[in-house]
Amino acid sequence: MNAQLLLELADDELVLGWRNSEWTGIAPFLEEDVAFSSIAQTEIGHARAWYELAARESGADADALAFDREPGEYRCAPLCELRLVSDWARTIARHYLYETADAIRIAELARSDDPDVAGLAAKIQREEAYHVMHAQMWHDRLRGEERYEAALDELWPYALAVVEGERRNELAAAVGREPAEPVERGEHTDDLAALWEEMTTVRRSVPGAAW
Amino acid sequence: MVWEVFRQEREGQPFQHGGSLEAPNREFAEAYAREFYGRRDESFALWIVPREAVLEVREPYVADVFDRDYRRVDGYSLKVKLKEARERAAAAGAG
C-alpha cells in the first residue's frame, strides 16, 4: 500500500479528530460532550497509527508527518477541514457521512494484502464500531429536521471524496443518496490554514525539540 | 430523561450502581453508558434503567416494637465463645 494513501487516511483522521475536539466543553449537553470528545480522541489515535505506518514506508516519523508539513501538503478530504462549531446539525451531518464512508474504507483495508495494513484496519474497526453506532443514533434522531437535512445536502458532495472509485456507489447506497459531483482531495478549503496554524503552534515554537 | 446505570464487574457478580446519566431514549442511553462504563473494559455487563422504573422506598424500616433482641445477631460476639470452645476441644484431645 502506498504512503500517499496512508497519508490520506491519517490526515482525514487527524484533521477531523481536531475539528471534533473543538466541541469539548461546549457540546449541547454533558453526556454528549464526553462521548464526542472521546470520539475525537480515538480519531487522533487512529491518525497516529496510520502515520506510523506511513512513516515506516517513507522514513519520516509520525509527528513530523502530522505537524511538519505545509498546509498545502495535507491530503485530507475537504469534508474534514470545515470548521463547524457552533452548528451541531452540520457537525452531526458530517459525522454521519464521514463515519459511514470511513466504515466502508476500513472494511476494505481490513482485507488488504499488506498484513500490517489489514491488522491495523481490523483493530481500528473495533473502535470505529462505536463511532458508527453514535453517528447512526444521532442521524436517526435528527432525520427529517430541516436544518439537518439541509446540512446533509450541503456536505454530501464533500463526503463522496472520502472514498474512491466503486466505493462511492457503495457510500451513496449506504446513505440513500444519488451520486453527485465530489469535492475532491487536493484542493483545500479556507478553513484549513487557521486550523493548521493552531494545530502546529506548539510544535513550531521549538523546532526539533524532543517532547 | 434520567437513566440509572448498574454495572457488573465480572460475570456472576452482583450488579452495583455505577451512576446516572441523561439521555433522550434507549439508544442514546446505551451509547453513553457504554462510553462511561465500558470504555476501559471495566464492566462485564450493564443494566440501564429509566429512573422512573425504579421503585424507591424511604425509611423501609419495619418497626419492631417489642423487645426481641435475642433475634438479632449484631453485638453478639462469637469470637470469645469460639476461642473457649477451641481450647476445650484442644484440652479434650490432649487428655
# chains A, B, ... in the order shown; residues from 1 in each chain; ligands from 1

$ closest_atom_pairs --of "segment 70-141 of chain A" --to "segment 154-168 of chain A" --cutoff "9 Å" --atoms "only C-alpha atoms" --output "JSON lines"
{"residue": "A:Cys76", "atom": "CA", "partner": "A:Val162", "partner_atom": "CA", "distance": 8.4}
{"residue": "A:Ala77", "atom": "CA", "partner": "A:Val162", "partner_atom": "CA", "distance": 5.9}
{"residue": "A:Pro78", "atom": "CA", "partner": "A:Tyr158", "partner_atom": "CA", "distance": 6.5}
{"residue": "A:Leu79", "atom": "CA", "partner": "A:Tyr158", "partner_atom": "CA", "distance": 5.0}
{"residue": "A:Cys80", "atom": "CA", "partner": "A:Tyr158", "partner_atom": "CA", "distance": 8.7}
{"residue": "A:Arg90", "atom": "CA", "partner": "A:Leu155", "partner_atom": "CA", "distance": 8.0}
{"residue": "A:Ala93", "atom": "CA", "partner": "A:Leu155", "partner_atom": "CA", "distance": 7.3}
{"residue": "A:Arg94", "atom": "CA", "partner": "A:Leu155", "partner_atom": "CA", "distance": 6.6}
{"residue": "A:Leu97", "atom": "CA", "partner": "A:Ala159", "partner_atom": "CA", "distance": 6.0}
{"residue": "A:Tyr98", "atom": "CA", "partner": "A:Ala159", "partner_atom": "CA", "distance": 6.2}
{"residue": "A:Ala101", "atom": "CA", "partner": "A:Val162", "partner_atom": "CA", "distance": 6.5}
{"residue": "A:Asp102", "atom": "CA", "partner": "A:Val162", "partner_atom": "CA", "distance": 7.5}
{"residue": "A:Ile104", "atom": "CA", "partner": "A:Arg167", "partner_atom": "CA", "distance": 7.2}
{"residue": "A:Arg105", "atom": "CA", "partner": "A:Val163", "partner_atom": "CA", "distance": 6.5}

$ write_last_selection --atoms "N, CA and C atoms" --output "mmCIF file, in the first residue's frame"
data_model
loop_
_atom_site.group_PDB
_atom_site.id
_atom_site.type_symbol
_atom_site.label_atom_id
_atom_site.label_comp_id
_atom_site.auth_asym_id
_atom_site.auth_seq_id
_atom_site.Cartn_x
_atom_site.Cartn_y
_atom_site.Cartn_z
ATOM 1 N N CYS A 76 -5.883 15.520 3.359
ATOM 2 C CA CYS A 76 -7.224 15.269 3.915
ATOM 3 C C CYS A 76 -8.314 15.702 2.932
ATOM 4 N N ALA A 77 -9.464 15.050 3.062
ATOM 5 C CA ALA A 77 -10.623 15.443 2.274
ATOM 6 C C ALA A 77 -11.146 16.772 2.825
ATOM 7 N N PRO A 78 -11.565 17.669 1.932
ATOM 8 C CA PRO A 78 -12.078 18.968 2.402
ATOM 9 C C PRO A 78 -13.207 18.827 3.441
ATOM 10 N N LEU A 79 -13.938 17.717 3.397
ATOM 11 C CA LEU A 79 -15.006 17.486 4.384
ATOM 12 C C LEU A 79 -14.494 17.637 5.814
ATOM 13 N N CYS A 80 -13.285 17.115 6.046
ATOM 14 C CA CYS A 80 -12.751 17.082 7.411
ATOM 15 C C CYS A 80 -12.292 18.453 7.897
ATOM 16 N N ARG A 90 -24.862 20.563 11.355
ATOM 17 C CA ARG A 90 -23.838 20.303 10.334
ATOM 18 C C ARG A 90 -22.759 19.367 10.877
ATOM 19 N N ALA A 93 -24.193 15.969 10.691
ATOM 20 C CA ALA A 93 -24.287 15.557 9.286
ATOM 21 C C ALA A 93 -22.908 15.099 8.794
ATOM 22 N N ARG A 94 -21.882 15.857 9.107
ATOM 23 C CA ARG A 94 -20.528 15.448 8.714
ATOM 24 C C ARG A 94 -20.130 14.145 9.393
ATOM 25 N N LEU A 97 -21.944 11.212 7.753
ATOM 26 C CA LEU A 97 -21.434 10.924 6.405
ATOM 27 C C LEU A 97 -20.008 10.389 6.471
ATOM 28 N N TYR A 98 -19.186 11.007 7.307
ATOM 29 C CA TYR A 98 -17.792 10.575 7.387
ATOM 30 C C TYR A 98 -17.675 9.167 7.962
ATOM 31 N N ALA A 101 -18.681 6.579 5.460
ATOM 32 C CA ALA A 101 -17.639 6.432 4.437
ATOM 33 C C ALA A 101 -16.413 5.718 5.011
ATOM 34 N N ASP A 102 -16.043 6.106 6.208
ATOM 35 C CA ASP A 102 -14.847 5.534 6.830
ATOM 36 C C ASP A 102 -15.029 4.041 7.099
ATOM 37 N N ILE A 104 -16.763 1.961 5.358
ATOM 38 C CA ILE A 104 -16.604 1.277 4.063
ATOM 39 C C ILE A 104 -15.118 1.161 3.714
ATOM 40 N N ARG A 105 -14.411 2.247 3.930
ATOM 41 C CA ARG A 105 -12.978 2.277 3.628
ATOM 42 C C ARG A 105 -12.194 1.300 4.521
#

$ interface_residues --of "chain A" --to "chain B" --cutoff "7 Å" --atoms "only C-alpha atoms" --output "PyMOL selection string"
chain A and resi 31+35+134+137

$ write_last_selection --atoms "C-alpha atoms" --output "PDB file, in the first residue's frame"
ATOM      1  CA  GLU A  31     -23.077  13.282  28.201  1.00  0.00           C
ATOM      2  CA  ALA A  35     -18.845  10.992  24.129  1.00  0.00           C
ATOM      3  CA  HIS A 134     -23.052   7.016  17.818  1.00  0.00           C
ATOM      4  CA  MET A 137     -28.291   7.177  16.617  1.00  0.00           C
TER       5      MET A 137
END

$ residues_around --residues "segment 189-204 of chain A" --least-positions-apart "4" --cutoff "12 Å" --atoms "only C-alpha atoms" --output "PyMOL selection string"
chain A and resi 11-12+14-19+21-22+63-85+158+183-185+208-211

$ closest_residue --among "A:Asp87, A:Glu128, A:Asp153, A:Glu108" --to "Gln41 of chain A" --atoms "only C-alpha atoms"
A:Glu128

$ atom_distance --atom1 "atom CA of Ile39 of chain A" --atom2 "atom CA of Phe44 of chain B"
21.7 Å

$ select_by_dssp --residues "chain B" --states "helix (DSSP H, G or I)" --output "PyMOL selection string"
chain B and resi 26-37+51-53+69-71+79-94
